[in-house]
Structures are given as C-alpha cells and as structure tokens.
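Asker: Just one file: start.cif, with mmCIF, C-alpha atoms.
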```
data_coords
#
loop_
_atom_site.group_PDB
_atom_site.id
_atom_site.type_symbol
_atom_site.label_atom_id
_atom_site.label_comp_id
_atom_site.auth_asym_id
_atom_site.auth_seq_id
_atom_site.Cartn_x
_atom_site.Cartn_y
_atom_site.Cartn_z
ATOM 1 C CA MET Q 1183 114.470 99.266 -13.859
ATOM 2 C CA GLU Q 1184 115.533 96.000 -15.485
ATOM 3 C CA ASP Q 1185 116.080 93.822 -12.400
ATOM 4 C CA ALA Q 1186 114.073 90.774 -11.342
ATOM 5 C CA VAL Q 1187 114.006 88.670 -8.191
ATOM 6 C CA THR Q 1188 112.865 85.172 -7.248
ATOM 7 C CA VAL Q 1189 111.870 83.915 -3.808
ATOM 8 C CA ALA Q 1190 110.858 80.243 -3.907
ATOM 9 C CA PRO Q 1191 110.636 78.573 -0.469
ATOM 10 C CA GLY Q 1192 110.646 74.786 -0.593
ATOM 11 C CA PHE Q 1193 111.410 74.730 -4.320
ATOM 12 C CA ALA Q 1194 113.097 71.307 -4.126
ATOM 13 C CA SER Q 1195 113.371 68.354 -1.773
ATOM 14 C CA VAL Q 1196 115.266 65.082 -1.603
ATOM 15 C CA GLY Q 1197 113.533 62.136 0.003
ATOM 16 C CA THR Q 1198 112.366 62.900 3.539
ATOM 17 C CA ALA Q 1199 114.967 65.630 4.136
ATOM 18 C CA PRO Q 1200 113.781 69.186 4.809
ATOM 19 C CA PRO Q 1201 113.109 71.117 1.578
ATOM 20 C CA TYR Q 1202 115.529 73.609 0.068
ATOM 21 C CA ASP Q 1203 114.726 77.270 -0.460
ATOM 22 C CA PHE Q 1204 115.791 79.317 -3.492
ATOM 23 C CA PHE Q 1205 116.559 83.027 -3.749
ATOM 24 C CA GLY Q 1206 117.813 84.929 -6.782
ATOM 25 C CA VAL Q 1207 118.631 88.448 -7.948
ATOM 26 C CA TYR Q 1208 118.984 89.230 -11.654
ATOM 27 C CA ASP Q 1209 120.305 92.542 -13.005
ATOM 28 C CA GLY Q 1210 119.196 92.937 -16.599
ATOM 29 C CA HIS Q 1211 120.812 95.205 -19.167
ATOM 30 C CA CYS Q 1212 119.666 96.425 -22.594
ATOM 31 C CA GLY Q 1213 116.194 95.145 -21.715
ATOM 32 C CA VAL Q 1214 114.248 93.112 -19.150
ATOM 33 C CA SER Q 1215 113.578 89.926 -21.122
ATOM 34 C CA VAL Q 1216 116.595 87.885 -19.961
ATOM 35 C CA ALA Q 1217 116.220 88.918 -16.316
ATOM 36 C CA TRP Q 1218 112.559 87.900 -16.478
ATOM 37 C CA ALA Q 1219 113.453 84.588 -18.126
ATOM 38 C CA CYS Q 1220 115.952 83.886 -15.332
ATOM 39 C CA ARG Q 1221 113.351 84.846 -12.722
ATOM 40 C CA ASP Q 1222 110.846 82.385 -14.190
ATOM 41 C CA ARG Q 1223 113.096 79.525 -15.285
ATOM 42 C CA LEU Q 1224 116.366 79.205 -13.386
ATOM 43 C CA HIS Q 1225 114.998 77.686 -10.171
ATOM 44 C CA VAL Q 1226 112.705 75.402 -12.179
ATOM 45 C CA VAL Q 1227 115.642 74.062 -14.171
ATOM 46 C CA LEU Q 1228 117.788 73.868 -11.039
ATOM 47 C CA ALA Q 1229 115.249 71.584 -9.392
ATOM 48 C CA GLU Q 1230 116.038 69.137 -12.199
ATOM 49 C CA LYS Q 1231 119.778 69.707 -12.692
ATOM 50 C CA VAL Q 1232 122.939 70.789 -10.870
ATOM 51 C CA MET Q 1233 123.702 74.489 -10.366
ATOM 52 C CA ALA Q 1234 126.235 75.161 -13.147
ATOM 53 C CA THR Q 1235 124.280 73.122 -15.689
ATOM 54 C CA SER Q 1236 121.117 75.105 -14.969
ATOM 55 C CA PHE Q 1237 122.849 78.377 -15.898
ATOM 56 C CA SER Q 1238 124.060 76.875 -19.169
ATOM 57 C CA ARG Q 1239 120.646 75.467 -20.037
ATOM 58 C CA VAL Q 1240 118.780 78.742 -19.452
ATOM 59 C CA ASP Q 1241 121.477 80.597 -21.398
ATOM 60 C CA GLY Q 1242 121.040 78.129 -24.250
ATOM 61 C CA GLU Q 1243 117.274 78.630 -24.257
ATOM 62 C CA LEU Q 1244 117.890 82.323 -24.924
ATOM 63 C CA ALA Q 1245 120.585 81.944 -27.591
ATOM 64 C CA SER Q 1246 118.223 82.233 -30.545
ATOM 65 C CA LYS Q 1247 115.969 84.874 -28.964
ATOM 66 C CA GLU Q 1248 118.051 87.496 -27.173
ATOM 67 C CA ARG Q 1249 121.437 88.270 -28.687
ATOM 68 C CA GLU Q 1250 121.928 91.788 -27.347
ATOM 69 C CA VAL Q 1251 120.117 91.479 -24.000
ATOM 70 C CA GLY Q 1252 121.582 89.924 -20.872
ATOM 71 C CA SER Q 1253 121.425 89.656 -17.105
ATOM 72 C CA THR Q 1254 123.634 88.916 -14.163
ATOM 73 C CA ALA Q 1255 122.488 86.130 -11.839
ATOM 74 C CA SER Q 1256 123.284 85.714 -8.166
ATOM 75 C CA VAL Q 1257 121.344 82.849 -6.626
ATOM 76 C CA ALA Q 1258 121.380 80.918 -3.374
ATOM 77 C CA VAL Q 1259 120.006 77.518 -2.428
ATOM 78 C CA VAL Q 1260 119.567 77.395 1.342
ATOM 79 C CA GLY Q 1261 119.318 74.044 3.045
ATOM 80 C CA PRO Q 1262 119.421 73.019 6.705
ATOM 81 C CA GLU Q 1263 123.187 72.387 6.643
ATOM 82 C CA ARG Q 1264 124.632 74.340 3.685
ATOM 83 C CA ILE Q 1265 124.231 77.421 1.563
ATOM 84 C CA VAL Q 1266 125.107 77.004 -2.107
ATOM 85 C CA VAL Q 1267 125.642 80.245 -4.026
ATOM 86 C CA ALA Q 1268 126.139 80.551 -7.772
ATOM 87 C CA ASN Q 1269 127.137 83.907 -9.215
ATOM 88 C CA CYS Q 1270 127.465 85.090 -12.794
ATOM 89 C CA GLY Q 1271 128.139 88.821 -13.095
ATOM 90 C CA ASP Q 1272 128.470 91.657 -10.611
ATOM 91 C CA SER Q 1273 125.514 91.061 -8.331
ATOM 92 C CA ARG Q 1274 126.613 89.687 -4.950
ATOM 93 C CA ALA Q 1275 125.714 87.404 -2.028
ATOM 94 C CA VAL Q 1276 126.970 88.219 1.486
ATOM 95 C CA LEU Q 1277 126.459 86.224 4.694
ATOM 96 C CA SER Q 1278 126.197 87.850 8.123
ATOM 97 C CA ARG Q 1279 127.992 85.493 10.529
ATOM 98 C CA GLY Q 1280 128.446 86.756 14.073
ATOM 99 C CA ASP Q 1281 130.119 90.141 13.728
ATOM 100 C CA MET Q 1282 131.498 89.385 10.272
ATOM 101 C CA ALA Q 1283 130.270 90.055 6.752
ATOM 102 C CA VAL Q 1284 131.329 87.024 4.705
ATOM 103 C CA PRO Q 1285 131.129 87.393 0.897
ATOM 104 C CA LEU Q 1286 129.872 84.187 -0.716
ATOM 105 C CA SER Q 1287 130.509 85.407 -4.257
ATOM 106 C CA SER Q 1288 133.123 87.427 -6.127
ATOM 107 C CA ASP Q 1289 132.034 90.131 -8.592
ATOM 108 C CA HIS Q 1290 132.820 89.518 -12.253
ATOM 109 C CA LYS Q 1291 133.963 93.056 -13.063
ATOM 110 C CA ALA Q 1292 135.670 93.487 -16.410
ATOM 111 C CA ASP Q 1293 138.863 94.728 -14.719
ATOM 112 C CA ARG Q 1294 139.129 91.806 -12.275
ATOM 113 C CA PRO Q 1295 142.638 90.559 -13.090
ATOM 114 C CA ASP Q 1296 141.782 86.911 -13.753
ATOM 115 C CA GLU Q 1297 138.641 87.841 -15.696
ATOM 116 C CA ARG Q 1298 140.491 90.361 -17.840
ATOM 117 C CA LYS Q 1299 143.136 87.740 -18.581
ATOM 118 C CA ARG Q 1300 140.425 85.257 -19.601
ATOM 119 C CA VAL Q 1301 138.726 87.815 -21.877
ATOM 120 C CA GLU Q 1302 141.997 88.753 -23.566
ATOM 121 C CA ALA Q 1303 143.017 85.106 -23.975
ATOM 122 C CA ALA Q 1304 139.776 84.582 -25.889
ATOM 123 C CA GLY Q 1305 140.682 87.423 -28.244
ATOM 124 C CA GLY Q 1306 138.633 90.154 -26.573
ATOM 125 C CA VAL Q 1307 139.602 93.535 -25.169
ATOM 126 C CA VAL Q 1308 138.757 95.427 -21.992
ATOM 127 C CA ILE Q 1309 138.434 99.184 -22.519
ATOM 128 C CA ASN Q 1310 138.123 101.894 -19.864
ATOM 129 C CA TRP Q 1311 135.183 104.084 -20.942
ATOM 130 C CA ASP Q 1312 133.985 105.659 -17.639
ATOM 131 C CA VAL Q 1313 134.400 102.126 -16.206
ATOM 132 C CA TYR Q 1314 136.214 99.080 -17.559
ATOM 133 C CA ARG Q 1315 134.023 97.285 -20.123
ATOM 134 C CA VAL Q 1316 134.369 94.176 -22.268
ATOM 135 C CA SER Q 1317 134.706 95.400 -25.884
ATOM 136 C CA GLY Q 1318 133.971 98.854 -24.486
ATOM 137 C CA VAL Q 1319 130.353 97.768 -23.962
ATOM 138 C CA LEU Q 1320 129.638 95.613 -20.912
ATOM 139 C CA ALA Q 1321 130.997 96.291 -17.417
ATOM 140 C CA THR Q 1322 130.544 92.689 -16.278
ATOM 141 C CA SER Q 1323 132.587 89.865 -17.755
ATOM 142 C CA ARG Q 1324 130.005 87.122 -17.184
ATOM 143 C CA SER Q 1325 126.260 87.087 -17.744
ATOM 144 C CA ILE Q 1326 123.347 85.054 -19.007
ATOM 145 C CA GLY Q 1327 122.455 86.185 -22.530
ATOM 146 C CA ASP Q 1328 124.635 88.794 -24.295
ATOM 147 C CA HIS Q 1329 125.423 86.248 -27.012
ATOM 148 C CA TYR Q 1330 126.820 88.934 -29.302
ATOM 149 C CA LEU Q 1331 129.800 89.205 -26.904
ATOM 150 C CA ARG Q 1332 130.698 85.498 -26.909
ATOM 151 C CA PRO Q 1333 133.225 84.031 -26.297
ATOM 152 C CA TYR Q 1334 134.485 86.939 -24.181
ATOM 153 C CA VAL Q 1335 131.435 87.169 -21.908
ATOM 154 C CA ILE Q 1336 130.417 83.734 -20.631
ATOM 155 C CA SER Q 1337 127.479 82.344 -18.644
ATOM 156 C CA GLU Q 1338 129.491 79.954 -16.465
ATOM 157 C CA PRO Q 1339 128.864 80.754 -12.776
ATOM 158 C CA GLU Q 1340 131.293 80.514 -9.888
ATOM 159 C CA VAL Q 1341 129.804 78.283 -7.191
ATOM 160 C CA THR Q 1342 130.559 78.298 -3.460
ATOM 161 C CA VAL Q 1343 129.348 75.845 -0.821
ATOM 162 C CA THR Q 1344 129.264 77.131 2.761
ATOM 163 C CA ASN Q 1345 128.470 75.036 5.824
ATOM 164 C CA ARG Q 1346 125.954 76.762 8.067
ATOM 165 C CA THR Q 1347 126.806 77.581 11.699
ATOM 166 C CA GLU Q 1348 124.808 78.744 14.699
ATOM 167 C CA GLU Q 1349 126.278 82.223 14.223
ATOM 168 C CA ASP Q 1350 124.724 82.667 10.777
ATOM 169 C CA GLU Q 1351 122.039 85.333 11.057
ATOM 170 C CA LEU Q 1352 121.088 86.407 7.551
ATOM 171 C CA LEU Q 1353 122.001 86.343 3.877
ATOM 172 C CA VAL Q 1354 121.759 89.320 1.524
ATOM 173 C CA LEU Q 1355 121.609 89.027 -2.264
ATOM 174 C CA ALA Q 1356 121.531 92.253 -4.241
ATOM 175 C CA SER Q 1357 122.360 93.841 -7.575
ATOM 176 C CA ASP Q 1358 125.282 96.232 -7.813
ATOM 177 C CA GLY Q 1359 123.065 99.268 -7.285
ATOM 178 C CA LEU Q 1360 123.409 98.463 -3.582
ATOM 179 C CA TRP Q 1361 127.006 97.229 -3.406
ATOM 180 C CA ASP Q 1362 128.425 100.159 -5.383
ATOM 181 C CA VAL Q 1363 127.516 102.578 -2.588
ATOM 182 C CA VAL Q 1364 127.157 100.474 0.594
ATOM 183 C CA SER Q 1365 129.863 98.160 1.972
ATOM 184 C CA ASN Q 1366 129.295 94.513 2.872
ATOM 185 C CA GLU Q 1367 129.782 95.358 6.543
ATOM 186 C CA VAL Q 1368 127.240 98.191 6.604
ATOM 187 C CA VAL Q 1369 124.708 96.112 4.673
ATOM 188 C CA CYS Q 1370 124.939 93.279 7.198
ATOM 189 C CA LYS Q 1371 124.806 95.665 10.178
ATOM 190 C CA VAL Q 1372 121.724 97.484 8.899
ATOM 191 C CA ALA Q 1373 119.927 94.233 8.024
ATOM 192 C CA SER Q 1374 120.759 92.780 11.437
ATOM 193 C CA GLN Q 1375 119.369 95.851 13.187
ATOM 194 C CA CYS Q 1376 116.176 95.504 11.164
ATOM 195 C CA LEU Q 1377 115.725 91.841 12.055
ATOM 196 C CA SER Q 1378 116.281 92.574 15.756
ATOM 197 C CA GLY Q 1379 113.810 95.455 15.743
ATOM 198 C CA GLN Q 1380 116.447 98.103 16.494
ATOM 199 C CA LEU Q 1381 115.854 99.805 13.147
ATOM 200 C CA VAL Q 1382 112.376 100.295 11.717
ATOM 201 C CA ARG Q 1383 110.864 102.372 8.955
ATOM 202 C CA LYS Q 1384 108.680 105.319 9.895
ATOM 203 C CA VAL Q 1385 105.359 103.744 8.991
ATOM 204 C CA PRO Q 1386 102.260 102.982 11.101
ATOM 205 C CA ASP Q 1387 102.501 99.768 13.102
ATOM 206 C CA GLY Q 1388 99.625 98.307 11.111
ATOM 207 C CA ALA Q 1389 101.615 98.775 7.892
ATOM 208 C CA ARG Q 1390 104.797 97.094 9.110
ATOM 209 C CA GLU Q 1391 106.181 94.505 6.735
ATOM 210 C CA HIS Q 1392 107.815 91.244 7.688
ATOM 211 C CA ARG Q 1393 111.189 92.240 9.113
ATOM 212 C CA ALA Q 1394 113.289 90.579 6.415
ATOM 213 C CA LYS Q 1395 111.285 92.332 3.718
ATOM 214 C CA GLU Q 1396 111.502 95.587 5.653
ATOM 215 C CA ALA Q 1397 115.295 95.168 5.871
ATOM 216 C CA ALA Q 1398 115.450 94.809 2.088
ATOM 217 C CA ILE Q 1399 113.397 97.981 1.637
ATOM 218 C CA ILE Q 1400 115.569 99.956 4.061
ATOM 219 C CA LEU Q 1401 118.751 98.816 2.293
ATOM 220 C CA ALA Q 1402 117.342 99.882 -1.081
ATOM 221 C CA GLU Q 1403 116.370 103.259 0.386
ATOM 222 C CA LEU Q 1404 119.849 103.610 1.899
ATOM 223 C CA ALA Q 1405 121.446 103.006 -1.518
ATOM 224 C CA LEU Q 1406 119.195 105.652 -3.057
ATOM 225 C CA SER Q 1407 120.057 108.139 -0.298
ATOM 226 C CA ARG Q 1408 123.759 107.571 -1.024
ATOM 227 C CA GLY Q 1409 123.292 108.510 -4.652
ATOM 228 C CA SER Q 1410 123.040 105.136 -6.402
ATOM 229 C CA ARG Q 1411 121.742 105.665 -9.924
ATOM 230 C CA ASP Q 1412 121.791 102.001 -10.922
ATOM 231 C CA ASN Q 1413 119.037 99.398 -10.614
ATOM 232 C CA ILE Q 1414 118.646 98.265 -6.996
ATOM 233 C CA SER Q 1415 117.169 94.901 -6.014
ATOM 234 C CA VAL Q 1416 117.679 93.396 -2.567
ATOM 235 C CA VAL Q 1417 116.653 90.067 -1.016
ATOM 236 C CA VAL Q 1418 117.259 89.491 2.707
ATOM 237 C CA VAL Q 1419 117.057 85.882 3.916
ATOM 238 C CA GLU Q 1420 116.639 85.356 7.661
ATOM 239 C CA LEU Q 1421 118.579 82.239 8.655
#
```
Reformat the file's structure so that it appears as structure tokens.
Answerer:
Amino acid sequence: MEDAVTVAPGFASVGTAPPYDFFGVYDGHCGVSVAWACRDRLHVVLAEKVMATSFSRVDGELASKEREVGSTASVAVVGPERIVVANCGDSRAVLSRGDMAVPLSSDHKADRPDERKRVEAAGGVVINWDVYRVSGVLATSRSIGDHYLRPYVISEPEVTVTNRTEEDELLVLASDGLWDVVSNEVVCKVASQCLSGQLVRKVPDGAREHRAKEAAIILAELALSRGSRDNISVVVVEL
C-alpha cells in the first residue's frame, strides 16, 4: 500500500471570507516517499502559491532525492462558492450533483490520445505491456516525481474550477484502485446512500463512524469485493 491522503479543513483563508478546505489523494508507485511528501507538503505550499505552481514546487523539491519514485495527485480546494480540482495522474475527483455524477478531472492514462501524442512528441514511446505504459514502465503519463522518465512524464496538473450549486451533495476523490472496478455513477450512488443513512456498515451503533468516513470505507470495501488488486484510497467530502 503506497497511497497517502490529506484532509485539511480550513487550511487557508483570505481576509474575512470563510476558510477553504483541502482534500488530496496520492497514489504512490515504486515506493511511498513521494506520496508521503505530497501528503505533508502540497497543501502547505498551496496555501502560499497558486495550484499549478504548488505541484511544480513540490516536484522540484524531490528532483534530487527521488528519481525512480513517483505519485499521482488528485486534490480539491473547497470553498463556499467554488470547487477547484487539480489532477496529475490517474486518480480522480467526481462530484455528485442531483442525480448526476460529474467528473471534475480526466485520468492521465498513457493511452489517452492527447497524452500519447504529447509523450511521442517529446521523443517517448507508449508500449502495451498488459496495459499501455510510458516507456513500457509507467501506466500514467503525468505524476509528481518519476524524474527518470522526464520529459515524457510531467508533473503539470490539469485544473478545473466548478461553481457550487444547491444540488451538490458530495465529492469523492480516490486512487484508481476504486475507479478501475466501480463506475462514477455507482460510487456517487453508494456514497449518497451512506450520507442519507440508507446504507450502513454492519457494526454496533456505538462504533459507527462519521457518515462521510463510513462512505469512504464502504466504497473501499466495495472495490475489494469486486476484485481490485491495486491500492485503494478514498476521501468523501460532504458538501
């Protein structure tokens, strides 16, 4: 298990406005060190800088330390009016809005047409060895760390800004151990049922977790029951 997560309520504020909350999921590979560094540093740096710059700075901090270790990063800053998501790699953020599951990020799989074109334009190759991999090694085309695969694998995130509505119920961030076996729609439906109390784990009432945390646990257990053999980390944010 090489994942890490960050939950940092009220990590930043501007003037007298309500504070912003930060949530992040990091899927490490070839070791845990980069995922742990992202867990500890990314939201701290973000409080000082803009989203894309914070990814670059943390990546730069690791350049001389971790050349063959990396991590995806899918993070969300939740404010009273907007949700800002930055994604680098194949973890994912999905918003439950009314009856819809709205993806707020797009996976950086090595065979994604525009990503494959970018890799090849930089002189790299994408090879299908059980799955499509950059240089036959890494299944994601963007990550923090993995400096031995530069310039083909980059740390630049894709950033989306979504205005919040009254229909927004919850946000799910998770590593691909969940998304590979459970659809966006099912994830949002199960999490919604947990938050409403329709779906509960079979544990004594005195041991019940907060419902958002319980939803995350149930989703991880669902992925395991469907045969996921990858790392599974899930954060459920009740909006």
Asker: Distance cut-off 12 Å, centre (134.9, 87.2, -4.5) in file coordinates, counting all atoms listed in the file: which residues qualify? Return them as a PyMOL selection string.
Answerer: chain Q and resi 1267-1276+1284-1291+1294+1296-1297+1340-1342+1366
Asker: Which residues of region 1310-1353 of chain Q come within 12 Å of region 1392-1397 of chain Q, and what is each one's closest atom pair and distance in Å (one decimal), counting only C-alpha atoms, sorted by chain and residue number, as a tab-separated table?
Answerer:
```
residue	atom	partner	partner_atom	distance
Q:Glu1351	CA	Q:Ala1394	CA	11.2
Q:Leu1352	CA	Q:Ala1394	CA	8.9
Q:Leu1353	CA	Q:Ala1394	CA	10.0
```
Asker: Using all atoms listed in the file, tabulate the residues of region 1232-1284 of chain Q lying at most 6 Å from any atom of region 1202-1212 of chain Q, each with its closest atom pair and that distance in Å to one decimal, by chain and increasing residue number, as JSON lines.
Answerer:
```
{"residue": "Q:Val1251", "atom": "CA", "partner": "Q:Cys1212", "partner_atom": "CA", "distance": 5.2}
{"residue": "Q:Gly1252", "atom": "CA", "partner": "Q:His1211", "partner_atom": "CA", "distance": 5.6}
{"residue": "Q:Ser1253", "atom": "CA", "partner": "Q:Gly1210", "partner_atom": "CA", "distance": 4.0}
{"residue": "Q:Thr1254", "atom": "CA", "partner": "Q:Asp1209", "partner_atom": "CA", "distance": 5.1}
{"residue": "Q:Ala1255", "atom": "CA", "partner": "Q:Tyr1208", "partner_atom": "CA", "distance": 4.7}
{"residue": "Q:Ser1256", "atom": "CA", "partner": "Q:Val1207", "partner_atom": "CA", "distance": 5.4}
{"residue": "Q:Val1257", "atom": "CA", "partner": "Q:Gly1206", "partner_atom": "CA", "distance": 4.1}
{"residue": "Q:Ala1258", "atom": "CA", "partner": "Q:Phe1205", "partner_atom": "CA", "distance": 5.3}
{"residue": "Q:Val1259", "atom": "CA", "partner": "Q:Phe1204", "partner_atom": "CA", "distance": 4.7}
{"residue": "Q:Val1260", "atom": "CA", "partner": "Q:Asp1203", "partner_atom": "CA", "distance": 5.2}
{"residue": "Q:Gly1261", "atom": "CA", "partner": "Q:Tyr1202", "partner_atom": "CA", "distance": 4.8}
```
Asker: Write to file, as a PDB file, in the coordinates of the input, the residues of the selection just made, with C-alpha atoms.
Answerer:
```pdb
ATOM      1  CA  VAL Q1251     120.117  91.479 -24.000  1.00  0.00           C
ATOM      2  CA  GLY Q1252     121.582  89.924 -20.872  1.00  0.00           C
ATOM      3  CA  SER Q1253     121.425  89.656 -17.105  1.00  0.00           C
ATOM      4  CA  THR Q1254     123.634  88.916 -14.163  1.00  0.00           C
ATOM      5  CA  ALA Q1255     122.488  86.130 -11.839  1.00  0.00           C
ATOM      6  CA  SER Q1256     123.284  85.714  -8.166  1.00  0.00           C
ATOM      7  CA  VAL Q1257     121.344  82.849  -6.626  1.00  0.00           C
ATOM      8  CA  ALA Q1258     121.380  80.918  -3.374  1.00  0.00           C
ATOM      9  CA  VAL Q1259     120.006  77.518  -2.428  1.00  0.00           C
ATOM     10  CA  VAL Q1260     119.567  77.395   1.342  1.00  0.00           C
ATOM     11  CA  GLY Q1261     119.318  74.044   3.045  1.00  0.00           C
TER      12      GLY Q1261
END
```
Asker: May I ask which of the residues Q:Val1363, Q:Glu1420, Q:Glu1184, Q:Leu1228 is the closest one to Leu1401 (chain Q), counting all atoms listed in the file?
Answerer: Q:Val1363
Asker: Rank nothing, just name the residue among Q:Lys1299, Q:Arg1411, Q:Arg1239, Q:His1329 nearest to Cys1220 (chain Q), using all atoms listed in the file.
Answerer: Q:Arg1239
Asker: Could you check which of Q:Glu1263, Q:Glu1367, Q:Asp1185, Q:Glu1248 is closest to Gly1280 (chain Q), using only C-alpha atoms?
Answerer: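 Once distances to Gly1280 (chain Q) are computed over only C-alpha atoms, the minimum belongs to Q:Glu1367.
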Asker: Scan for residues within 6 Å of the point (119.1, 91.5, -2.0) in the coordinates of the file, using all atoms listed in the file, and reply as a ChimeraX atom specification.
Answerer: /Q:1354-1356,1415-1418
Asker: Where does region 1251-1287 of chain Q meet region 1372-1383 of chain Q within 12 Å, residue by residue, with the nearest atom pair and distance in Å to one decimal for each, counting only C-alpha atoms, listed by chain and rising number, as JSON lines?
Answerer:
```
{"residue": "Q:Val1276", "atom": "CA", "partner": "Q:Ala1373", "partner_atom": "CA", "distance": 11.3}
{"residue": "Q:Leu1277", "atom": "CA", "partner": "Q:Ala1373", "partner_atom": "CA", "distance": 10.9}
{"residue": "Q:Ser1278", "atom": "CA", "partner": "Q:Ser1374", "partner_atom": "CA", "distance": 8.1}
{"residue": "Q:Arg1279", "atom": "CA", "partner": "Q:Ser1374", "partner_atom": "CA", "distance": 10.3}
{"residue": "Q:Gly1280", "atom": "CA", "partner": "Q:Ser1374", "partner_atom": "CA", "distance": 10.1}
{"residue": "Q:Asp1281", "atom": "CA", "partner": "Q:Ser1374", "partner_atom": "CA", "distance": 10.0}
{"residue": "Q:Met1282", "atom": "CA", "partner": "Q:Ser1374", "partner_atom": "CA", "distance": 11.3}
{"residue": "Q:Ala1283", "atom": "CA", "partner": "Q:Ser1374", "partner_atom": "CA", "distance": 10.9}
```
Asker: Please write the residues picked by the PyMOL selection byres ((chain Q and resi 1301-1312) around 12) on this file as a PyMOL selection string.
Answerer: chain Q and resi 1290-1300+1313-1324+1331-1336
Asker: Would you mind reading off the distance between CA of Leu1244 (chain Q) and CA of Gly1213 (chain Q), one decimal, in Å?
Answerer: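 These two atoms are separated by 13.3 Å.
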Asker: Which one of Q:His1225, Q:Ile1399, Q:Arg1408, Q:Ile1414 sits closest to Gly1192 (chain Q) if you count all atoms listed in the file?
Answerer: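 Looking only at the distances to Gly1192 (chain Q), the closest residue turns out to be Q:His1225.
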Asker: Please measure the separation of CA of Ala1405 (chain Q) and CA of Lys1371 (chain Q), giving the value in Å to one decimal.
Answerer: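 If I compute the distance from CA of Ala1405 (chain Q) to CA of Lys1371 (chain Q), I get 14.2 Å.
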Asker: Which polymer residues have any atom within 10 Å of an atom of Ser1246 (chain Q), counting only C-alpha atoms, with same-chain residues fewer than 3 positions away left out, as a ChimeraX atom specification?
Answerer: /Q:1241-1243,1249,1327,1329
Asker: Please, what distance in Å, to one decimal, runs between CA of Ala1186 (chain Q) and CA of Ala1217 (chain Q)?
Answerer: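 Separation of CA of Ala1186 (chain Q) and CA of Ala1217 (chain Q): 5.7 Å.
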Asker: Which is closer to Val1266 (chain Q) than all the others in Q:Gly1409, Q:Pro1191, Q:Thr1344, Q:Ile1400, using all atoms listed in the file?
Answerer: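 Smallest distance to Val1266 (chain Q) is found for Q:Thr1344.
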Asker: List the neighbours of Val1240 (chain Q) out to 9 Å using all atoms listed in the file; skip same-chain residues closer than 5 positions along the sequence, and give me the result as number ranges by chain.
Answerer: Q: 1219-1220, 1223-1224, 1227, 1235, 1245, 1326-1327
Asker: With all atoms listed in the file as the basis for distance, which of Q:Ala1402, Q:Val1187, Q:Ala1234, Q:Leu1421 is at the shortest distance from Trp1218 (chain Q)?
Answerer: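 Nearest candidate to Trp1218 (chain Q) out of Q:Ala1402, Q:Val1187, Q:Ala1234, Q:Leu1421: Q:Val1187.
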Asker: Restore all heavy atoms in region 1394-1399 of chain Q and list the result as a tab-separated table (two decimals), in the frame of the given file.
Answerer:
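rebuild-v4.tsv, written as the output of this step:
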```tsv
chain	number	residue	atom	x	y	z
Q	1394	ALA	N	112.31	90.81	7.48
Q	1394	ALA	CA	113.29	90.58	6.42
Q	1394	ALA	C	112.96	91.42	5.19
Q	1394	ALA	O	113.86	92.01	4.57
Q	1394	ALA	CB	113.34	89.09	6.06
Q	1395	LYS	N	111.69	91.51	4.85
Q	1395	LYS	CA	111.28	92.33	3.72
Q	1395	LYS	C	111.54	93.81	4.03
Q	1395	LYS	O	112.00	94.57	3.16
Q	1395	LYS	CB	109.82	92.11	3.40
Q	1395	LYS	CG	109.34	92.87	2.17
Q	1395	LYS	CD	107.91	92.51	1.83
Q	1395	LYS	CE	107.44	93.26	0.58
Q	1395	LYS	NZ	106.05	92.91	0.22
Q	1396	GLU	N	111.25	94.20	5.26
Q	1396	GLU	CA	111.50	95.59	5.65
Q	1396	GLU	C	112.99	95.91	5.58
Q	1396	GLU	O	113.39	97.01	5.17
Q	1396	GLU	CB	110.97	95.84	7.06
Q	1396	GLU	CG	111.09	97.28	7.50
Q	1396	GLU	CD	110.26	97.58	8.74
Q	1396	GLU	OE1	109.08	97.87	8.60
Q	1396	GLU	OE2	110.84	97.50	9.84
Q	1397	ALA	N	113.85	94.96	5.96
Q	1397	ALA	CA	115.30	95.17	5.87
Q	1397	ALA	C	115.71	95.40	4.42
Q	1397	ALA	O	116.55	96.27	4.13
Q	1397	ALA	CB	116.04	93.97	6.45
Q	1398	ALA	N	115.12	94.64	3.50
Q	1398	ALA	CA	115.45	94.81	2.09
Q	1398	ALA	C	115.04	96.19	1.60
Q	1398	ALA	O	115.78	96.85	0.85
Q	1398	ALA	CB	114.76	93.72	1.26
Q	1399	ILE	N	113.87	96.66	2.04
Q	1399	ILE	CA	113.40	97.98	1.64
Q	1399	ILE	C	114.32	99.07	2.18
Q	1399	ILE	O	114.69	100.01	1.48
Q	1399	ILE	CB	111.95	98.20	2.12
Q	1399	ILE	CG1	111.01	97.24	1.40
Q	1399	ILE	CG2	111.52	99.65	1.88
Q	1399	ILE	CD1	109.59	97.23	1.96
```
